[in-house]
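Enquirer: Structure file upload06.tsv (TSV, C-alpha atoms) is given on the next line.
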```tsv
chain	number	residue	atom	x	y	z
A	1	MET	CA	70.22	12.17	28.35
A	2	LEU	CA	70.99	15.67	29.55
A	3	ASP	CA	74.75	15.13	29.81
A	4	PHE	CA	75.48	17.66	27.10
A	5	ILE	CA	74.18	20.54	29.28
A	6	GLU	CA	76.31	19.65	32.31
A	7	PHE	CA	79.13	22.19	32.65
A	8	SER	CA	82.30	21.95	34.67
A	9	PHE	CA	84.67	24.80	35.48
A	10	LEU	CA	86.91	23.79	32.58
A	11	ASP	CA	83.95	23.94	30.21
A	12	VAL	CA	83.18	27.49	31.31
A	13	LEU	CA	86.86	28.45	30.98
A	14	ASP	CA	86.98	26.86	27.53
A	15	ILE	CA	83.94	28.84	26.37
A	16	PHE	CA	85.35	32.06	27.82
A	17	LEU	CA	88.71	31.64	26.09
A	18	VAL	CA	87.07	30.81	22.76
A	19	ALA	CA	84.81	33.86	23.08
A	20	LEU	CA	87.84	36.01	23.89
A	21	LEU	CA	89.71	34.64	20.87
A	22	LEU	CA	86.76	35.29	18.57
A	23	TYR	CA	86.44	38.84	19.91
A	24	TYR	CA	90.05	39.70	19.16
A	25	ILE	CA	89.87	38.06	15.73
A	26	TYR	CA	86.87	40.28	15.07
A	27	LYS	CA	88.86	43.35	16.21
A	28	LEU	CA	91.69	42.35	13.87
A	29	LEU	CA	89.38	41.90	10.88
A	30	LYS	CA	87.00	44.76	11.62
A	31	GLY	CA	86.76	47.19	8.73
A	32	THR	CA	87.93	44.66	6.12
A	33	VAL	CA	85.94	42.65	3.59
A	34	ALA	CA	87.05	39.46	5.33
A	35	ILE	CA	84.91	40.21	8.39
A	36	ASN	CA	81.71	39.16	6.58
A	37	ILE	CA	83.28	35.84	5.62
A	38	PHE	CA	84.51	35.31	9.17
A	39	VAL	CA	81.03	35.93	10.60
A	40	GLY	CA	79.54	33.45	8.13
A	41	ILE	CA	82.09	30.77	9.05
A	42	ALA	CA	81.52	31.40	12.76
A	43	LEU	CA	77.76	30.91	12.32
A	44	ILE	CA	78.27	27.67	10.38
A	45	PHE	CA	80.62	26.40	13.12
A	46	LEU	CA	78.08	27.28	15.82
A	47	ILE	CA	75.30	25.46	13.97
A	48	TRP	CA	77.61	22.45	13.52
A	49	LYS	CA	78.30	22.23	17.26
A	50	ILE	CA	74.59	22.54	18.04
A	51	THR	CA	73.71	19.72	15.61
A	52	GLN	CA	76.43	17.58	17.19
A	53	ALA	CA	75.03	18.18	20.67
A	54	LEU	CA	71.52	17.33	19.46
A	55	LYS	CA	72.80	14.11	17.77
A	56	MET	CA	71.65	15.26	14.33
A	57	GLU	CA	74.10	12.96	12.57
A	58	MET	CA	73.34	13.74	8.94
A	59	LEU	CA	73.39	17.56	9.20
A	60	SER	CA	76.35	17.62	11.57
A	61	GLY	CA	78.24	15.30	9.21
A	62	ILE	CA	77.59	17.56	6.21
A	63	LEU	CA	78.64	20.67	8.12
A	64	GLY	CA	81.70	18.87	9.49
A	65	TYR	CA	82.88	17.91	6.00
A	66	LEU	CA	82.17	21.44	4.80
A	67	LEU	CA	84.29	22.98	7.56
A	68	SER	CA	87.13	20.45	7.35
A	69	GLY	CA	87.36	20.87	3.59
A	70	GLY	CA	87.46	24.65	3.81
A	71	VAL	CA	90.89	25.02	5.39
A	72	ILE	CA	92.60	25.77	2.09
A	73	ALA	CA	89.86	28.22	1.17
A	74	LEU	CA	90.32	29.98	4.52
A	75	ILE	CA	94.06	30.33	3.91
A	76	ILE	CA	93.35	31.92	0.54
A	77	VAL	CA	90.65	34.25	1.82
A	78	PHE	CA	92.55	35.37	4.91
A	79	GLN	CA	96.04	35.34	3.41
A	80	GLN	CA	96.69	39.01	4.19
A	81	GLU	CA	95.52	38.68	7.80
A	82	ILE	CA	97.52	35.46	8.28
A	83	ARG	CA	100.57	37.16	6.77
A	84	LYS	CA	100.20	40.09	9.19
A	85	PHE	CA	99.99	37.72	12.16
A	86	LEU	CA	102.99	35.62	11.06
A	87	LEU	CA	104.94	38.79	10.33
A	88	MET	CA	104.22	40.02	13.86
A	89	ILE	CA	105.44	36.72	15.33
A	90	GLY	CA	108.48	36.59	13.06
A	91	THR	CA	109.65	40.07	14.01
A	92	THR	CA	109.28	39.52	17.76
A	93	ASN	CA	112.45	39.78	19.80
A	94	PHE	CA	111.98	36.99	22.32
A	95	SER	CA	115.17	37.94	24.14
A	96	ASN	CA	113.57	41.21	25.16
A	97	LYS	CA	110.53	40.68	27.39
A	98	ARG	CA	109.29	44.24	26.96
A	99	SER	CA	109.62	44.03	23.18
A	100	PHE	CA	107.74	40.73	23.15
A	101	PHE	CA	104.73	42.16	24.95
A	102	ASN	CA	104.78	45.23	22.70
A	103	GLN	CA	104.33	42.82	19.80
A	104	LEU	CA	101.09	41.64	21.38
A	105	LYS	CA	99.56	45.10	21.62
A	106	PHE	CA	97.21	44.24	18.75
A	107	LEU	CA	95.10	42.59	21.48
A	108	ARG	CA	94.27	45.99	22.87
A	109	SER	CA	91.02	47.57	21.80
A	110	GLU	CA	92.73	50.93	21.46
A	111	ILE	CA	96.20	51.89	20.25
A	112	ASN	CA	96.66	54.79	22.69
A	113	SER	CA	99.30	56.48	20.55
A	114	GLU	CA	100.59	59.98	21.24
A	115	ILE	CA	101.18	60.78	17.57
A	116	ASP	CA	100.69	64.46	16.72
A	117	VAL	CA	98.41	64.06	13.72
A	118	ASP	CA	97.96	67.81	13.23
A	119	LYS	CA	101.68	68.41	12.69
A	120	ILE	CA	101.90	65.54	10.21
A	121	LEU	CA	98.93	66.84	8.23
A	122	LYS	CA	100.27	70.41	8.25
A	123	ALA	CA	103.48	69.13	6.70
A	124	CYS	CA	101.53	67.12	4.11
A	125	ASN	CA	99.37	70.14	3.22
A	126	SER	CA	102.48	72.32	2.80
A	127	MET	CA	104.13	69.70	0.57
A	128	SER	CA	100.89	69.33	-1.36
A	129	LYS	CA	100.93	73.03	-2.27
A	130	THR	CA	104.49	72.77	-3.61
A	131	LYS	CA	103.89	69.33	-5.17
A	132	THR	CA	106.65	67.78	-3.11
A	133	GLY	CA	106.43	64.00	-3.23
A	134	ALA	CA	106.28	62.29	0.16
A	135	LEU	CA	105.50	58.91	1.66
A	136	ILE	CA	104.91	58.67	5.40
A	137	VAL	CA	104.26	55.33	7.10
A	138	ILE	CA	102.68	55.42	10.57
A	139	GLU	CA	103.24	52.32	12.68
A	140	ARG	CA	100.21	51.04	14.55
A	141	THR	CA	100.28	47.59	16.20
A	142	ASN	CA	102.52	45.58	13.85
A	143	ASN	CA	106.20	46.22	14.55
A	144	LEU	CA	108.01	47.67	11.51
A	145	ASP	CA	111.61	47.04	12.60
A	146	PHE	CA	112.10	44.77	9.58
A	147	LEU	CA	111.50	47.86	7.42
A	148	VAL	CA	113.38	50.33	9.64
A	149	ASN	CA	116.53	48.28	9.07
A	150	THR	CA	116.38	48.94	5.32
A	151	GLY	CA	116.72	52.71	5.76
A	152	ASP	CA	118.59	55.30	7.80
A	153	VAL	CA	117.73	55.09	11.49
A	154	MET	CA	116.63	58.34	13.10
A	155	ASN	CA	115.16	59.27	16.47
A	156	ALA	CA	113.63	62.72	16.09
A	157	GLN	CA	110.30	63.97	17.41
A	158	VAL	CA	107.73	64.68	14.74
A	159	ASN	CA	107.31	68.28	13.64
A	160	GLU	CA	106.26	70.05	10.48
A	161	VAL	CA	109.69	71.48	9.58
A	162	LEU	CA	111.42	68.12	10.02
A	163	LEU	CA	109.05	66.30	7.67
A	164	GLU	CA	109.26	69.01	5.03
A	165	SER	CA	113.06	69.01	5.18
A	166	ILE	CA	113.20	65.21	4.84
A	167	PHE	CA	111.16	65.24	1.61
A	168	PHE	CA	112.71	68.41	0.14
A	169	LYS	CA	113.71	67.40	-3.39
A	170	ASN	CA	117.41	68.22	-2.84
A	171	SER	CA	117.57	66.42	0.49
A	172	PRO	CA	119.57	63.17	0.55
A	173	LEU	CA	116.79	61.66	2.70
A	174	HIS	CA	113.84	62.26	0.38
A	175	ASP	CA	114.01	58.94	-1.49
A	176	GLY	CA	111.96	56.11	-0.03
A	177	ALA	CA	109.56	56.26	2.90
A	178	THR	CA	109.69	57.76	6.37
A	179	ILE	CA	108.42	55.69	9.32
A	180	ILE	CA	106.78	57.29	12.35
A	181	ARG	CA	106.42	55.43	15.64
A	182	ASP	CA	105.00	56.95	18.84
A	183	ASN	CA	105.40	60.50	17.51
A	184	TYR	CA	109.04	59.94	16.53
A	185	VAL	CA	110.55	59.67	13.07
A	186	VAL	CA	112.46	56.41	13.49
A	187	ALA	CA	113.76	55.93	9.95
A	188	THR	CA	114.05	57.63	6.57
A	189	ARG	CA	114.91	56.36	3.08
A	190	VAL	CA	113.09	53.14	3.96
A	191	VAL	CA	112.58	50.57	1.22
A	192	LEU	CA	109.01	49.28	1.21
A	193	PRO	CA	107.63	46.09	-0.38
A	194	ILE	CA	105.93	46.79	-3.72
A	195	SER	CA	102.36	45.58	-4.19
A	196	ASP	CA	101.77	43.28	-7.14
A	197	SER	CA	98.01	43.85	-7.13
A	198	THR	CA	96.46	44.13	-10.57
A	199	LYS	CA	93.73	46.43	-9.21
A	200	ILE	CA	96.07	49.41	-8.85
A	201	PRO	CA	95.37	52.02	-11.58
A	202	ALA	CA	98.12	52.31	-14.19
A	203	ARG	CA	98.57	56.02	-13.43
A	204	PHE	CA	99.94	55.21	-9.99
A	205	GLY	CA	103.71	55.11	-9.62
A	206	LEU	CA	106.09	53.28	-7.30
A	207	ARG	CA	105.20	55.43	-4.29
A	208	HIS	CA	101.57	54.33	-4.48
A	209	ARG	CA	102.54	50.70	-5.02
A	210	ALA	CA	104.95	50.82	-2.09
A	211	ALA	CA	102.35	52.40	0.20
A	212	ILE	CA	99.75	49.83	-0.80
A	213	GLY	CA	102.33	47.05	-0.44
A	214	VAL	CA	103.21	47.85	3.18
A	215	SER	CA	99.55	48.32	4.10
A	216	GLU	CA	98.76	44.88	2.63
A	217	ARG	CA	101.43	43.22	4.74
A	218	THR	CA	100.99	45.14	8.00
A	219	ASP	CA	98.32	47.27	9.69
A	220	ALA	CA	100.34	50.46	9.18
A	221	VAL	CA	98.65	53.45	7.57
A	222	CYS	CA	100.32	55.66	4.97
A	223	LEU	CA	100.05	59.27	3.87
A	224	LEU	CA	101.22	59.92	0.35
A	225	VAL	CA	101.70	63.27	-1.39
A	226	SER	CA	101.80	63.07	-5.18
A	227	GLU	CA	104.52	65.14	-6.83
A	228	GLU	CA	102.50	65.16	-10.08
A	229	THR	CA	99.15	66.40	-8.74
A	230	GLY	CA	99.83	67.38	-5.12
A	231	GLU	CA	96.98	65.15	-3.99
A	232	ILE	CA	97.19	63.60	-0.53
A	233	SER	CA	96.25	59.91	-0.45
A	234	TYR	CA	95.41	57.89	2.65
A	235	ILE	CA	96.30	54.21	2.37
A	236	LYS	CA	95.11	51.51	4.75
A	237	ASP	CA	94.63	47.74	4.34
A	238	GLY	CA	95.71	47.89	0.71
A	239	GLU	CA	93.17	50.54	-0.24
A	240	PHE	CA	93.64	54.25	-0.91
A	241	VAL	CA	91.25	57.14	-0.34
A	242	LEU	CA	91.39	60.78	-1.47
A	243	TYR	CA	89.62	63.02	1.06
A	244	ASN	CA	87.92	66.20	-0.09
A	245	THR	CA	88.89	68.24	2.97
A	246	SER	CA	91.73	68.26	5.48
A	247	ASP	CA	89.21	67.93	8.31
A	248	GLU	CA	87.88	64.65	6.92
A	249	LEU	CA	91.40	63.27	6.60
A	250	ALA	CA	92.32	64.47	10.10
A	251	ASP	CA	89.25	62.79	11.60
A	252	LYS	CA	90.01	59.51	9.84
A	253	LEU	CA	93.69	59.54	10.79
A	254	LYS	CA	92.99	60.37	14.44
A	255	LYS	CA	90.44	57.59	14.60
A	256	ASP	CA	92.95	55.05	13.25
A	257	VAL	CA	96.12	55.98	15.13
A	258	MET	CA	94.99	57.60	18.38
```
Would you mind writing the file's structure down as structure tokens?

Expert:
Amino acid sequence: MLDFIEFSFLDVLDIFLVALLLYYIYKLLKGTVAINIFVGIALIFLIWKITQALKMEMLSGILGYLLSGGVIALIIVFQQEIRKFLLMIGTTNFSNKRSFFNQLKFLRSEINSEIDVDKILKACNSMSKTKTGALIVIERTNNLDFLVNTGDVMNAQVNEVLLESIFFKNSPLHDGATIIRDNYVVATRVVLPISDSTKIPARFGLRHRAAIGVSERTDAVCLLVSEETGEISYIKDGEFVLYNTSDELADKLKKDVM
């Protein structure tokens, strides 16, 4: 009668691995709207397993049908997160062991990047004053090689003068986006995927749509300088924010990439 509370080593290992998986899913979804839905589903699943263990046939049956019938709904709700995960797997170079494990760095609780945020923001503030349009994409845990290949490959350490020269209006490199990885500019004139979201205000141009598009498909963050207003936008997870002060933006950026 008490068989359901007898645990073997494999049972303990199974519970540990499931807990570990749930933890990293939570880390992946943290800060997005989807986290509330995920928590709700996790609670329903936990209740379902408890009702199964207690032989509550009717309630466990209802919850089982509810969970089994919600697969399509889950795909719709978590389509961006699923797309990010599949994109990470699809861009993995399995022939390179080091590259493969770099693709799995989203499992780390911290990114531990050495990106010089202050230099990037100084460049953005200077371009903001002159209303020089710019779009900077900062790689986090999802590899962006599939985007790097669409532009001109570069391997130059980040500094204020370099970024300003790239986006200077007469520069041949100013079109498209610039990608930064581990404090290095790895590509310029990068072509980004355009977001087709209907929630984007009509006043936003292709730069905004491109920044939102790449942030919807990956976990990269973007800094965008408007050539019309000089405003600096911060884009993450398909959403943009205008910060009132440089200090607020610096704090947010450091928290996300360092």

Enquirer: Could you please determine the separation between atom CA of A:Glu216 and atom CA of A:Asp145 in Å, to one decimal place?

Expert: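 Computing it gives 16.4 Å between the two atoms.
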
Enquirer: Compare A:Pro201, A:Lys252, A:Glu160, A:Val185 by their minimum atom-to-atom distance to A:Ile120, counting all atoms listed in the file, and give me the closest one.

Expert: A:Glu160

Enquirer: Between atom CA of A:Ile194 and atom CA of A:Leu242, what distance in Å does the model show, to one decimal?

Expert: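 Taking atom CA of A:Ile194 as the start and atom CA of A:Leu242 as the end point, the length is 20.3 Å.
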
Enquirer: Using all atoms listed in the file, which residue out of A:Val117, A:Leu192, A:Leu162, A:Leu59 lies closest to A:Ile44?

Expert: A:Leu59

Enquirer: Any idea what's packed within 9 Å of A:Asn149, counting only C-alpha atoms, ignoring anything in its chain fewer than 5 positions away? Could you give it as a count of residues only?

Expert: 3

Enquirer: Go through A:Leu163, A:Ser128, A:Arg181, A:Asp247 and flag the residue nearest A:Gly230, using all atoms listed in the file for the distances.

Expert: A:Ser128

Enquirer: Would you list the residues near (107.1, 73.4, -4.2) (no more than 12 Å away, in the coordinates of the file, using only C-alpha atoms) as a PyMOL selection string?

Expert: chain A and resi 124-134+164-165+167-170+225-230

Enquirer: Restricting the calculation to all atoms listed in the file: of A:Tyr24, A:Trp48, A:Lys255, A:Leu223, which residue gets closest to A:Tyr243?

Expert: A:Leu223

Enquirer: Using Å and a single decimal, report how far atom CA of A:Arg207 sits from atom CA of A:Lys254.

Expert: 22.9 Å

Enquirer: Name the closest residue to A:Ala177 among the candidates A:Ala202, A:Ala156, A:Val148, A:Leu46; distances are taken between atoms, counting all atoms listed in the file.

Expert: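 That would be A:Val148, the residue with the smallest distance to A:Ala177.
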
Enquirer: With distances taken over all atoms listed in the file, which residue among A:Lys119, A:Arg140, A:Lys49, A:Lys236 lies nearest A:Val214?

Expert: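 Looking at the shortest contact to A:Val214, the residue is A:Lys236.
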
Enquirer: With all atoms of stretch 218-237 of chain A from the file as input, state the centre and edge lengths in Å to one decimal of the axis-aligned box that has 6 Å extra on each side, as JSON.

Expert:
```
{"center_x": 99.6, "center_y": 56.3, "center_z": -0.2, "size_x": 21.9, "size_y": 34.2, "size_z": 31.8}
```
